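Colleague: Got a file for you: start_29.txt, compact mmCIF, C-alpha atoms (C1' of nucleotides).
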# COMPACT_ATOMS: atom_id res chain seq x y z
CA MET A 23 -35.53 -0.61 6.10
CA VAL A 24 -34.34 2.89 5.35
CA SER A 25 -35.73 5.68 7.44
CA LYS A 26 -36.80 8.79 5.60
CA THR A 27 -33.79 10.85 6.70
CA ASP A 28 -31.37 8.36 5.20
CA ARG A 29 -32.36 9.18 1.69
CA ILE A 30 -29.99 11.79 0.36
CA PRO A 31 -29.43 13.25 -3.11
CA ALA A 32 -26.83 11.34 -5.08
CA THR A 33 -24.43 14.27 -5.46
CA GLU A 34 -24.36 14.79 -1.73
CA ARG A 35 -24.01 11.08 -1.03
CA ARG A 36 -21.18 10.98 -3.51
CA GLU A 37 -19.23 13.56 -1.54
CA GLN A 38 -19.89 11.61 1.68
CA ILE A 39 -18.46 8.48 0.12
CA LEU A 40 -15.41 10.32 -1.19
CA GLU A 41 -14.78 11.73 2.24
CA ALA A 42 -15.09 8.33 3.91
CA ALA A 43 -13.04 6.65 1.21
CA THR A 44 -10.25 9.18 1.67
CA ARG A 45 -9.94 8.19 5.30
CA VAL A 46 -10.16 4.47 4.64
CA PHE A 47 -7.75 4.44 1.69
CA GLY A 48 -5.42 6.73 3.59
CA GLU A 49 -5.20 4.36 6.49
CA LEU A 50 -5.25 1.01 4.74
CA GLY A 51 -3.90 1.77 1.30
CA TYR A 52 -5.53 0.94 -2.01
CA ALA A 53 -5.14 -2.82 -1.94
CA GLY A 54 -5.64 -3.04 1.82
CA ALA A 55 -8.91 -1.17 1.86
CA THR A 56 -12.19 -2.84 0.94
CA THR A 57 -15.27 -1.33 -0.58
CA ASP A 58 -17.17 -2.70 2.39
CA ARG A 59 -15.12 -0.68 4.85
CA VAL A 60 -15.64 2.42 2.79
CA ALA A 61 -19.35 1.70 2.76
CA LYS A 62 -19.49 1.23 6.53
CA ALA A 63 -17.49 4.42 7.06
CA ALA A 64 -19.99 6.25 4.87
CA GLY A 65 -22.97 4.58 6.56
CA ILE A 66 -24.32 2.85 3.49
CA SER A 67 -24.19 -0.57 1.87
CA GLN A 68 -21.27 -1.96 -0.09
CA PRO A 69 -23.12 -2.43 -3.40
CA TYR A 70 -24.09 1.21 -3.42
CA VAL A 71 -20.48 2.29 -3.22
CA VAL A 72 -19.60 0.11 -6.16
CA ARG A 73 -22.57 1.23 -8.22
CA MET A 74 -21.87 4.89 -7.57
CA PHE A 75 -18.28 4.72 -8.81
CA GLY A 76 -18.27 1.68 -11.07
CA THR A 77 -15.16 0.06 -9.65
CA LYS A 78 -12.97 0.32 -6.60
CA GLU A 79 -10.20 1.55 -8.82
CA GLN A 80 -12.31 4.38 -10.17
CA LEU A 81 -13.28 5.35 -6.63
CA PHE A 82 -9.64 5.55 -5.64
CA ILE A 83 -8.81 7.65 -8.68
CA GLU A 84 -11.53 10.13 -7.78
CA VAL A 85 -10.31 10.19 -4.19
CA LEU A 86 -6.82 10.92 -5.44
CA GLU A 87 -7.90 13.75 -7.70
CA ARG A 88 -10.00 15.22 -4.92
CA THR A 89 -7.09 15.21 -2.47
CA CYS A 90 -4.92 17.05 -4.98
CA GLU A 91 -7.62 19.66 -5.47
CA LEU A 92 -7.98 20.14 -1.72
CA ILE A 93 -4.25 20.62 -1.27
CA VAL A 94 -3.89 23.00 -4.19
CA ALA A 95 -6.89 24.94 -2.94
CA ALA A 96 -5.34 25.22 0.51
CA PHE A 97 -2.12 26.50 -1.05
CA ASP A 98 -3.99 29.02 -3.15
CA ARG A 99 -5.74 30.37 -0.09
CA ALA A 100 -2.41 30.63 1.71
CA VAL A 101 -0.80 32.46 -1.19
CA ALA A 102 -3.72 34.83 -1.58
CA ASP A 103 -3.90 35.59 2.13
CA GLU A 104 -3.28 39.34 2.23
CA ALA A 105 -3.76 39.57 5.97
CA SER A 106 -0.52 37.78 6.74
CA ASP A 107 2.76 39.68 6.76
CA LYS A 108 4.82 36.52 6.49
CA PRO A 109 6.58 35.58 3.26
CA VAL A 110 4.78 33.17 1.00
CA GLY A 111 6.96 30.15 1.86
CA PRO A 112 6.08 29.90 5.53
CA ARG A 113 2.45 30.64 4.71
CA ILE A 114 2.23 27.60 2.43
CA GLY A 115 4.09 25.55 4.98
CA GLU A 116 1.59 26.47 7.60
CA ALA A 117 -1.26 25.60 5.25
CA TYR A 118 0.19 22.13 4.74
CA VAL A 119 0.73 21.55 8.43
CA SER A 120 -2.83 22.65 9.09
CA LEU A 121 -3.95 19.86 6.79
CA VAL A 122 -2.14 17.39 9.04
CA GLU A 123 -4.32 18.54 11.84
CA THR A 124 -7.68 18.94 10.13
CA ASP A 125 -7.64 16.35 7.40
CA ARG A 126 -4.97 13.80 7.90
CA GLY A 127 -6.72 11.40 5.53
CA VAL A 128 -6.00 13.71 2.62
CA LEU A 129 -2.26 13.55 3.12
CA LEU A 130 -2.29 9.82 3.69
CA ALA A 131 -4.46 9.09 0.66
CA LEU A 132 -2.14 11.21 -1.45
CA MET A 133 0.82 9.24 -0.17
CA GLN A 134 -0.95 5.99 -0.94
CA GLY A 135 -1.46 7.19 -4.47
CA PHE A 136 2.16 8.12 -4.97
CA ILE A 137 3.41 4.65 -4.17
CA LEU A 138 1.10 3.16 -6.78
CA GLY A 139 3.09 4.74 -9.56
CA HIS A 140 3.63 1.37 -11.23
CA ASP A 141 -0.11 0.80 -11.66
CA PRO A 142 -1.12 1.33 -15.29
CA ASN A 143 -4.34 3.18 -14.44
CA ILE A 144 -3.61 4.85 -11.12
CA GLY A 145 0.03 5.71 -11.81
CA PRO A 146 -0.63 8.42 -14.36
CA VAL A 147 -3.20 10.07 -12.09
CA ALA A 148 -0.75 10.06 -9.20
CA ARG A 149 2.03 11.57 -11.30
CA ARG A 150 -0.28 14.23 -12.67
CA GLY A 151 -1.33 15.12 -9.13
CA PHE A 152 2.22 15.30 -7.91
CA LEU A 153 3.23 17.61 -10.73
CA ARG A 154 0.16 19.75 -10.25
CA ILE A 155 1.20 20.43 -6.68
CA TYR A 156 4.81 20.99 -7.69
CA ASP A 157 3.67 23.47 -10.33
CA ARG A 158 1.75 25.44 -7.77
CA MET A 159 4.87 25.74 -5.67
CA ARG A 160 6.95 26.79 -8.62
CA GLU A 161 4.64 29.68 -9.29
CA VAL A 162 5.71 31.31 -6.05
CA MET A 163 9.26 30.04 -5.43
CA THR A 164 12.48 28.90 -7.06
CA PRO A 165 13.07 25.31 -8.17
CA ASP A 166 15.34 24.69 -5.22
CA GLU A 167 12.85 26.09 -2.74
CA ALA A 168 10.06 24.08 -4.31
CA MET A 169 12.12 20.91 -4.14
CA ARG A 170 12.87 21.47 -0.47
CA PHE A 171 9.22 22.08 0.20
CA MET A 172 8.17 18.88 -1.50
CA ALA A 173 10.85 17.02 0.43
CA GLN A 174 9.67 18.46 3.73
CA GLY A 175 6.11 17.53 2.78
CA MET A 176 7.09 13.95 2.00
CA LEU A 177 8.85 13.70 5.35
CA ILE A 178 5.74 14.98 7.10
CA ASN A 179 3.61 12.47 5.24
CA THR A 180 5.94 9.69 6.27
CA LEU A 181 5.99 10.75 9.91
CA ILE A 182 2.21 10.75 10.00
CA ALA A 183 1.79 7.56 7.99
CA SER A 184 4.27 5.61 10.06
CA ASN A 185 2.37 6.68 13.13
CA LEU A 186 5.52 7.95 14.82
CA THR A 187 3.28 10.38 16.67
CA VAL A 188 2.53 7.65 19.18
CA ARG A 189 6.09 7.96 20.44
CA ILE A 190 5.96 11.69 21.08
CA ASP A 191 6.78 12.41 24.73
CA GLN A 192 8.15 8.88 25.03
CA ASP A 193 11.23 8.96 22.85
CA GLU A 194 13.70 11.81 22.86
CA ARG A 195 14.73 11.21 19.28
CA VAL A 196 11.12 11.47 18.14
CA ASP A 197 10.61 14.70 20.03
CA GLU A 198 13.75 16.13 18.51
CA LEU A 199 12.78 15.07 15.00
CA PHE A 200 9.29 16.49 15.29
CA ALA A 201 10.54 19.76 16.75
CA CYS A 202 13.04 20.03 13.94
CA THR A 203 10.56 19.11 11.21
CA PHE A 204 7.69 21.33 12.24
CA GLY A 205 9.61 24.16 13.90
CA ASP A 206 7.31 26.90 15.11
CA LYS A 207 4.35 25.02 13.68
CA LEU A 208 4.80 22.13 16.08
CA GLY A 209 2.05 23.52 18.29
CA ILE A 210 -0.49 23.14 15.50
CA VAL A 211 0.34 19.46 15.13
CA LEU A 212 0.33 18.66 18.82
CA GLU A 213 -2.96 20.42 19.28
CA GLY A 214 -4.49 18.37 16.49
CA LEU A 215 -3.18 15.17 18.03
CA SER A 216 -4.54 15.86 21.49
CA ARG A 217 -7.89 16.73 19.98
CA SER A 218 -8.15 13.50 18.01
CA ALA A 219 -7.24 11.51 21.12
CA MET B 1 9.97 -32.54 -10.98
CA VAL B 2 12.92 -30.89 -9.32
CA SER B 3 16.26 -31.22 -10.99
CA LYS B 4 19.24 -31.81 -8.80
CA THR B 5 20.59 -28.28 -9.04
CA ASP B 6 17.34 -26.80 -7.71
CA ARG B 7 17.88 -28.15 -4.24
CA ILE B 8 19.51 -25.47 -2.18
CA PRO B 9 20.28 -25.17 1.55
CA ALA B 10 17.50 -23.51 3.49
CA THR B 11 19.55 -20.55 4.68
CA GLU B 12 20.54 -19.72 1.13
CA ARG B 13 17.01 -20.20 -0.18
CA ARG B 14 15.80 -17.96 2.60
CA GLU B 15 17.97 -15.12 1.37
CA GLN B 16 16.75 -15.68 -2.20
CA ILE B 17 13.17 -15.39 -1.05
CA LEU B 18 13.87 -12.25 0.96
CA GLU B 19 15.51 -10.70 -2.06
CA ALA B 20 12.59 -11.56 -4.33
CA ALA B 21 10.06 -10.51 -1.72
CA THR B 22 11.76 -7.13 -1.36
CA ARG B 23 11.21 -6.45 -5.03
CA VAL B 24 7.64 -7.73 -5.07
CA PHE B 25 6.56 -5.96 -1.88
CA GLY B 26 8.34 -2.82 -3.03
CA GLU B 27 6.42 -2.71 -6.24
CA LEU B 28 3.00 -3.92 -5.13
CA GLY B 29 2.87 -3.05 -1.46
CA TYR B 30 2.12 -5.40 1.40
CA ALA B 31 -1.56 -5.96 0.73
CA GLY B 32 -1.14 -5.84 -3.03
CA ALA B 33 1.57 -8.47 -3.18
CA THR B 34 0.77 -12.17 -3.04
CA THR B 35 2.86 -14.97 -1.69
CA ASP B 36 2.51 -16.62 -5.06
CA ARG B 37 4.16 -13.71 -6.84
CA VAL B 38 6.97 -13.79 -4.34
CA ALA B 39 7.32 -17.50 -4.92
CA LYS B 40 7.42 -17.10 -8.70
CA ALA B 41 9.97 -14.29 -8.40
CA ALA B 42 12.10 -16.58 -6.25
CA GLY B 43 11.60 -19.53 -8.58
CA ILE B 44 9.91 -21.82 -6.08
CA SER B 45 6.40 -22.86 -5.11
CA GLN B 46 4.01 -20.77 -3.05
CA PRO B 47 3.61 -23.23 -0.14
CA TYR B 48 7.34 -23.24 0.39
CA VAL B 49 7.40 -19.47 0.85
CA VAL B 50 4.68 -19.68 3.46
CA ARG B 51 6.27 -22.58 5.28
CA MET B 52 9.64 -20.90 5.39
CA PHE B 53 8.33 -17.73 7.04
CA GLY B 54 5.14 -18.88 8.73
CA THR B 55 2.93 -16.09 7.43
CA LYS B 56 2.97 -13.41 4.77
CA GLU B 57 3.07 -10.85 7.54
CA GLN B 58 6.18 -12.37 9.08
CA LEU B 59 7.84 -12.45 5.66
CA PHE B 60 7.15 -8.77 5.22
CA ILE B 61 8.51 -7.97 8.66
CA GLU B 62 11.73 -9.77 7.86
CA VAL B 63 11.95 -7.97 4.53
CA LEU B 64 11.51 -4.68 6.33
CA GLU B 65 14.21 -5.39 8.88
CA ARG B 66 16.55 -6.53 6.17
CA THR B 67 16.05 -3.34 4.16
CA CYS B 68 16.90 -1.25 7.20
CA GLU B 69 20.05 -3.25 7.79
CA LEU B 70 21.11 -2.81 4.16
CA ILE B 71 20.60 0.93 4.31
CA VAL B 72 22.37 1.36 7.63
CA ALA B 73 25.22 -0.79 6.35
CA ALA B 74 25.52 1.37 3.23
CA PHE B 75 25.65 4.48 5.42
CA ASP B 76 28.28 2.96 7.65
CA ARG B 77 30.44 2.17 4.67
CA ALA B 78 30.04 5.72 3.41
CA VAL B 79 30.97 7.19 6.78
CA ALA B 80 33.97 4.94 7.15
CA ASP B 81 35.24 5.61 3.66
CA GLU B 82 38.65 7.14 4.29
CA ALA B 83 39.49 7.40 0.62
CA SER B 84 37.00 10.18 -0.01
CA ASP B 85 37.91 13.76 0.73
CA LYS B 86 34.29 14.90 0.72
CA PRO B 87 32.46 15.79 3.94
CA VAL B 88 30.36 13.07 5.50
CA GLY B 89 27.00 14.54 4.42
CA PRO B 90 27.49 14.26 0.68
CA ARG B 91 29.09 10.86 1.14
CA ILE B 92 25.96 9.50 2.80
CA GLY B 93 23.83 11.20 0.18
CA GLU B 94 25.75 9.52 -2.54
CA ALA B 95 25.39 6.18 -0.77
CA TYR B 96 21.62 6.60 -0.70
CA VAL B 97 21.42 7.61 -4.34
CA SER B 98 23.53 4.62 -5.24
CA LEU B 99 20.87 2.45 -3.65
CA VAL B 100 18.33 3.94 -6.02
CA GLU B 101 20.40 2.66 -8.85
CA THR B 102 21.47 -0.74 -7.55
CA ASP B 103 18.64 -1.83 -5.32
CA ARG B 104 15.52 0.15 -5.93
CA GLY B 105 13.41 -2.53 -4.28
CA VAL B 106 15.03 -1.78 -0.93
CA LEU B 107 13.89 1.83 -0.94
CA LEU B 108 10.44 0.97 -2.16
CA ALA B 109 9.94 -1.81 0.37
CA LEU B 110 11.01 0.55 3.12
CA MET B 111 8.50 3.10 1.91
CA GLN B 112 5.80 0.46 1.85
CA GLY B 113 6.60 -0.36 5.45
CA PHE B 114 6.43 3.24 6.58
CA ILE B 115 2.91 3.72 5.34
CA LEU B 116 1.76 0.67 7.32
CA GLY B 117 2.34 2.47 10.59
CA HIS B 118 -1.22 1.84 11.70
CA ASP B 119 -0.79 -1.92 11.54
CA PRO B 120 -0.48 -3.40 15.02
CA ASN B 121 2.27 -5.83 14.08
CA ILE B 122 4.10 -4.15 11.23
CA GLY B 123 3.81 -0.60 12.54
CA PRO B 124 6.25 -0.99 15.43
CA VAL B 125 8.82 -2.61 13.16
CA ALA B 126 8.52 0.22 10.66
CA ARG B 127 8.93 2.88 13.34
CA ARG B 128 11.91 1.11 14.83
CA GLY B 129 13.51 0.95 11.40
CA PHE B 130 12.88 4.60 10.71
CA LEU B 131 14.42 5.64 14.00
CA ARG B 132 17.35 3.34 13.50
CA ILE B 133 18.20 5.12 10.27
CA TYR B 134 17.62 8.51 11.83
CA ASP B 135 19.93 7.60 14.70
CA ARG B 136 22.69 6.71 12.30
CA MET B 137 22.39 10.12 10.70
CA ARG B 138 22.40 11.86 14.04
CA GLU B 139 25.72 10.27 14.91
CA VAL B 140 27.41 12.26 12.18
CA MET B 141 25.32 15.43 11.81
CA THR B 142 23.12 17.92 13.61
CA PRO B 143 19.38 17.39 14.16
CA ASP B 144 18.56 19.91 11.48
CA GLU B 145 20.90 18.33 8.98
CA ALA B 146 19.55 14.89 9.79
CA MET B 147 15.98 16.07 9.34
CA ARG B 148 16.79 17.58 5.96
CA PHE B 149 18.49 14.37 4.93
CA MET B 150 15.49 12.27 5.87
CA ALA B 151 13.24 14.71 4.02
CA GLN B 152 15.38 14.50 0.92
CA GLY B 153 15.34 10.72 1.21
CA MET B 154 11.57 10.60 1.45
CA LEU B 155 11.29 12.80 -1.63
CA ILE B 156 13.60 10.49 -3.52
CA ASN B 157 11.55 7.51 -2.42
CA THR B 158 8.39 9.21 -3.61
CA LEU B 159 9.88 10.16 -6.97
CA ILE B 160 10.93 6.57 -7.55
CA ALA B 161 7.73 5.02 -6.21
CA SER B 162 5.47 7.25 -8.25
CA ASN B 163 7.44 6.26 -11.33
CA LEU B 164 8.01 9.86 -12.31
CA THR B 165 11.18 8.65 -13.98
CA VAL B 166 9.11 7.70 -17.02
CA ARG B 167 8.61 11.38 -17.71
CA ILE B 168 12.28 12.30 -17.72
CA ASP B 169 13.21 13.92 -21.02
CA GLN B 170 9.53 14.37 -21.74
CA ASP B 171 8.45 16.96 -19.20
CA GLU B 172 10.51 20.02 -18.38
CA ARG B 173 9.17 20.23 -14.85
CA VAL B 174 10.25 16.66 -14.17
CA ASP B 175 13.73 17.31 -15.52
CA GLU B 176 14.02 20.39 -13.37
CA LEU B 177 12.81 18.60 -10.27
CA PHE B 178 15.16 15.67 -10.77
CA ALA B 179 18.12 17.94 -11.47
CA CYS B 180 17.33 19.89 -8.33
CA THR B 181 16.76 16.81 -6.17
CA PHE B 182 19.80 14.82 -7.16
CA GLY B 183 22.18 17.66 -8.02
CA ASP B 184 25.58 16.38 -9.01
CA LYS B 185 24.42 12.83 -8.35
CA LEU B 186 21.86 12.95 -11.15
CA GLY B 187 24.22 11.08 -13.42
CA ILE B 188 24.20 8.08 -11.12
CA VAL B 189 20.43 7.87 -11.30
CA LEU B 190 20.15 8.32 -15.04
CA GLU B 191 22.80 5.72 -15.62
CA GLY B 192 20.90 3.25 -13.47
CA LEU B 193 17.70 3.96 -15.36
CA SER B 194 19.21 3.44 -18.79
CA ARG B 195 20.78 0.21 -17.60
CA SER B 196 17.48 -1.19 -16.31
CA ALA B 197 15.79 -0.28 -19.60
C1' DG C 6 -53.96 5.45 -8.44
C1' DA C 7 -51.00 3.91 -11.99
C1' DT C 8 -46.32 5.08 -13.46
C1' DG C 9 -41.65 5.87 -13.59
C1' DG C 10 -37.48 7.60 -11.83
C1' DT C 11 -34.40 7.91 -7.86
C1' DG C 12 -32.14 6.14 -3.64
C1' DG C 13 -31.03 2.15 -1.60
C1' DT C 14 -30.34 -2.95 0.12
C1' DA C 15 -30.16 -8.28 0.61
C1' DA C 16 -28.40 -12.10 -1.40
C1' DT C 17 -25.18 -14.21 -3.89
C1' DC C 18 -21.59 -15.36 -7.21
C1' DG C 19 -16.97 -16.12 -8.88
C1' DA C 20 -12.33 -15.23 -8.49
C1' DC C 21 -8.42 -14.79 -5.65
C1' DT C 22 -5.36 -15.84 -1.93
C1' DG C 23 -3.10 -17.42 2.41
C1' DA C 24 -2.63 -21.39 4.59
C1' DT C 25 -2.73 -26.57 5.28
C1' DT C 26 -2.09 -31.32 4.14
C1' DA C 27 -0.15 -35.03 2.20
C1' DC C 28 2.98 -36.49 -0.73
C1' DT C 29 7.72 -37.03 -3.44
C1' DT C 30 12.65 -36.79 -4.07
C1' DC C 31 17.17 -36.84 -2.63
C1' DA C 32 21.55 -36.94 0.31
C1' DC C 33 23.91 -39.15 3.78
C1' DG C 34 25.40 -41.71 8.14
C1' DG C 35 25.49 -46.21 10.34
C1' DC D 12 20.89 -50.60 1.74
C1' DC D 13 18.06 -48.70 4.86
C1' DG D 14 16.00 -45.13 7.26
C1' DT D 15 15.77 -40.48 8.58
C1' DG D 16 15.49 -35.81 7.88
C1' DA D 17 15.77 -31.96 4.74
C1' DA D 18 14.07 -29.72 0.36
C1' DG D 19 10.28 -29.08 -2.24
C1' DT D 20 5.63 -29.52 -4.65
C1' DA D 21 0.60 -30.66 -6.09
C1' DA D 22 -3.79 -30.39 -4.55
C1' DT D 23 -7.00 -28.28 -2.06
C1' DC D 24 -9.54 -25.77 1.49
C1' DA D 25 -11.68 -21.79 3.74
C1' DG D 26 -12.25 -17.12 3.94
C1' DT D 27 -12.50 -12.65 1.72
C1' DC D 28 -13.76 -9.31 -1.60
C1' DG D 29 -15.40 -6.86 -5.76
C1' DA D 30 -19.02 -7.06 -8.54
C1' DT D 31 -23.77 -8.39 -10.16
C1' DT D 32 -28.54 -9.24 -9.82
C1' DA D 33 -32.87 -8.69 -8.34
C1' DC D 34 -35.51 -6.49 -5.57
C1' DC D 35 -37.83 -2.73 -2.26
C1' DA D 36 -39.33 2.12 -0.72
C1' DC D 37 -40.41 6.46 -1.67
C1' DC D 38 -41.98 10.57 -4.18
C1' DA D 39 -43.62 13.30 -7.98
C1' DT D 40 -46.89 14.18 -11.45
C1' DC D 41 -50.27 13.31 -14.64
The structure in this file should be written as structure tokens.

Modeller:
Amino acid sequence: MVSKTDRIPATERREQILEAATRVFGELGYAGATTDRVAKAAGISQPYVVRMFGTKEQLFIEVLERTCELIVAAFDRAVADEASDKPVGPRIGEAYVSLVETDRGVLLALMQGFILGHDPNIGPVARRGFLRIYDRMREVMTPDEAMRFMAQGMLINTLIASNLTVRIDQDERVDELFACTFGDKLGIVLEGLSRSA
Amino acid sequence: MVSKTDRIPATERREQILEAATRVFGELGYAGATTDRVAKAAGISQPYVVRMFGTKEQLFIEVLERTCELIVAAFDRAVADEASDKPVGPRIGEAYVSLVETDRGVLLALMQGFILGHDPNIGPVARRGFLRIYDRMREVMTPDEAMRFMAQGMLINTLIASNLTVRIDQDERVDELFACTFGDKLGIVLEGLSRSA
DNA sequence: GATGGTGGTAATCGACTGATTACTTCACGG
DNA sequence: CCGTGAAGTAATCAGTCGATTACCACCATC
């Protein structure tokens, strides 16, 4: 009972599934997510998801590697941006914050990978991804600057993951923390939130 | 088949289970952990764990609240420490790093709670805990300082959770990042690692 | 108009897991 | 010594989930 338009080349379908899985894993975590939810988010059946990637674990690993590539790519674009007159640090910062707005699932899925460091198969992939991002930072800043950037990024991830955004405009402490964390980029975040609401 | 010495008052047993559950949830996450693993870690049977806390979810919530209390208590001790001549910032930092060494499960369980912010029951508890810790920081430092401290803390949590410690002394980037993150407190961490090995 | 490869699903299985039930053992007060 | 409640477990159930199997629909091309 598949209409003609539902039949899509495997490579394209693969990307659809990865996109859906990024959102689902990002929200529910690796163990909390099910292949069926990924399938529903991608608009296909659960067995097809499993057959395309072999196992749930393999799917998550590919999601994780994809998120790292997306983040590194966003950083590269920010670094290479000749149009901006800002220093490279703030440019990368802005690139990361833009990800919060446009592709929250990427940040959350990355976070979910990091906390699986104990897993024998996923752990190494997560560590490799973390270091890949750290390396990219180190190419354009000092160790101390890179460390602070990673720290800021982890705080942002935590703020988004813990859903503290729901308390914006309702809790002074939250407003203060968000203003302090995002600085002049706060507008980008708030705009993204109002759009997704 | 219970020997006499295995019978323990409920309140005491309760604390044992919370302690074990903190470790198990910290390592495997909420969805990834099972009540049976918690039970085995606590040295009792699985049904007893469930009966003591009602549901797995309730157990996790109590674990989460306990971790926040432990962290806030550690901060309070650091702030009140009259013997030290250091400023309050580094004292709290040292208190947090000491937790990495002595009670890694606490930090990991906290992290696991933060990324469950979307959960209708656990999410509010996680946010409340986060803000409680932030409030404690704000009592002794500026918003910007508090934000940087939280960021640093989240980076530390991520480094521990992702198990990047296994690459210490094997990857120059990791050594650099750890040295930069922990600064003069690096010794505390390394000592804790060698002891747990 | 057979044939085979590609895209896809329905049905189902087996393992796992949270929760429930019913039971046992023990300490202690009257 | 009896009974009552607290501490604790074995057995088991019901639901969920990842994976497998067997199958269908479509299109190309010979």

Colleague: Starting from chain B, keep only residues with some atom at most 10 Å from an atom of chain D, counting all atoms listed in the file, and report them as a tab-separated table (two decimals) with C-alpha atoms, in the frame of the given file.

Modeller:
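Writing done, so here's out33.tsv:
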chain	number	residue	atom	x	y	z
B	1	MET	CA	9.97	-32.54	-10.98
B	2	VAL	CA	12.92	-30.89	-9.32
B	6	ASP	CA	17.34	-26.80	-7.71
B	7	ARG	CA	17.88	-28.15	-4.24
B	8	ILE	CA	19.51	-25.47	-2.18
B	9	PRO	CA	20.28	-25.17	1.55
B	10	ALA	CA	17.50	-23.51	3.49
B	13	ARG	CA	17.01	-20.20	-0.18
B	44	ILE	CA	9.91	-21.82	-6.08
B	45	SER	CA	6.40	-22.86	-5.11
B	46	GLN	CA	4.01	-20.77	-3.05
B	47	PRO	CA	3.61	-23.23	-0.14
B	48	TYR	CA	7.34	-23.24	0.39

Colleague: One number please: atom CA of B:Phe25 to atom CA of B:Arg138, in Å, one decimal.

Modeller: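 Atom-to-atom, atom CA of B:Phe25 and atom CA of B:Arg138 are spaced 28.7 Å apart.
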
Colleague: Of the candidates B:Ala78, B:Val166, B:Leu64, B:Ile160, which one gets nearest to B:Ile122 if we count all atoms listed in the file?

Modeller: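 Smallest distance to B:Ile122 is found for B:Leu64.
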
Colleague: Using only C-alpha atoms, find the one residue out of B:Asp85, B:Asp76, B:Glu191, B:Glu145 that sits nearest to chain A.

Modeller: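 Smallest separation from chain A among the options: B:Glu145.
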
Colleague: Pick from A:Ala219, A:Leu199, A:Ala43, A:Val128: nearest to B:Arg148, with only C-alpha atoms counted?

Modeller: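 Residue with the minimum atom-to-atom distance to B:Arg148: A:Leu199.
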
Colleague: Check which residues of chain A sit at most 6 Å from chain B using all atoms listed in the file, and return one row each with the closest pair of atoms and their distance in Å to one decimal, ordered by chain and rising number, as a Markdown table.

Modeller:
| residue | atom | partner | partner_atom | distance |
| --- | --- | --- | --- | --- |
| A:Ala53 | CA | B:Gly32 | CA | 5.1 |
| A:Gly54 | CA | B:Ala31 | CA | 5.1 |
| A:Phe136 | CA | B:Ser162 | CA | 4.7 |
| A:Ile137 | CA | B:Ala161 | CA | 4.8 |
| A:Gly139 | CA | B:Ser162 | CA | 3.7 |
| A:Ala173 | CA | B:Leu155 | CA | 4.7 |
| A:Gln174 | CA | B:Ala151 | CA | 5.2 |
| A:Met176 | CA | B:Met154 | CA | 5.6 |
| A:Leu177 | CA | B:Ala151 | CA | 4.7 |
| A:Ala183 | CA | B:Ile115 | CA | 4.8 |
| A:Ser184 | CA | B:Gly117 | CA | 3.7 |
| A:Asn185 | CA | B:Gly117 | CA | 4.9 |

Colleague: Would you output that residue set with C-alpha atoms, as a PDB file, in the coordinates of the input?

Modeller:
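Once everything was written out, this is selection.pdb:
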ATOM      1  CA  ALA A  53      -5.140  -2.820  -1.940  1.00  0.00           C
ATOM      2  CA  GLY A  54      -5.640  -3.040   1.820  1.00  0.00           C
ATOM      3  CA  PHE A 136       2.160   8.120  -4.970  1.00  0.00           C
ATOM      4  CA  ILE A 137       3.410   4.650  -4.170  1.00  0.00           C
ATOM      5  CA  GLY A 139       3.090   4.740  -9.560  1.00  0.00           C
ATOM      6  CA  ALA A 173      10.850  17.020   0.430  1.00  0.00           C
ATOM      7  CA  GLN A 174       9.670  18.460   3.730  1.00  0.00           C
ATOM      8  CA  MET A 176       7.090  13.950   2.000  1.00  0.00           C
ATOM      9  CA  LEU A 177       8.850  13.700   5.350  1.00  0.00           C
ATOM     10  CA  ALA A 183       1.790   7.560   7.990  1.00  0.00           C
ATOM     11  CA  SER A 184       4.270   5.610  10.060  1.00  0.00           C
ATOM     12  CA  ASN A 185       2.370   6.680  13.130  1.00  0.00           C
TER      13      ASN A 185
END

Colleague: Of the residues C:DT30, C:DT22, C:DT17, C:DT11, which is the one nearest to chain A, using all atoms listed in the file?

Modeller: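 The shortest atom-to-atom distance to chain A comes from C:DT11.
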
Colleague: Compile the residues of chain C that lie within 10 Å of chain B, evaluated using only C-alpha atoms (C1' of nucleotides), and express the compilation as a ChimeraX atom specification.

Modeller: /C:21-25,29-31

Colleague: With C-alpha atoms (C1' of nucleotides) retained, export the selected residues as a PDB file, in the coordinates of the input.

Modeller:
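The result, written out as result-v5.pdb:
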ATOM      1  C1'  DC C  21      -8.420 -14.790  -5.650  1.00  0.00           C
ATOM      2  C1'  DT C  22      -5.360 -15.840  -1.930  1.00  0.00           C
ATOM      3  C1'  DG C  23      -3.100 -17.420   2.410  1.00  0.00           C
ATOM      4  C1'  DA C  24      -2.630 -21.390   4.590  1.00  0.00           C
ATOM      5  C1'  DT C  25      -2.730 -26.570   5.280  1.00  0.00           C
ATOM      6  C1'  DT C  29       7.720 -37.030  -3.440  1.00  0.00           C
ATOM      7  C1'  DT C  30      12.650 -36.790  -4.070  1.00  0.00           C
ATOM      8  C1'  DC C  31      17.170 -36.840  -2.630  1.00  0.00           C
TER       9       DC C  31
END

Colleague: Could you work out how far atom CA of A:Arg45 lies from atom CA of A:Val119, giving the answer in Å with one decimal?

Modeller: 17.4 Å

Colleague: Grab the atom CA of A:Arg88 to atom CA of A:Asp125 distance for me, in Å with one decimal place.

Modeller: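 Separation of atom CA of A:Arg88 and atom CA of A:Asp125: 12.6 Å.
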
Colleague: Ranking B:Arg195, B:Ile133, B:Val140, B:Glu62 by minimum distance to B:Pro87 and counting all atoms listed in the file, which one comes first?

Modeller: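 For B:Pro87, the nearest of the given residues is B:Val140.
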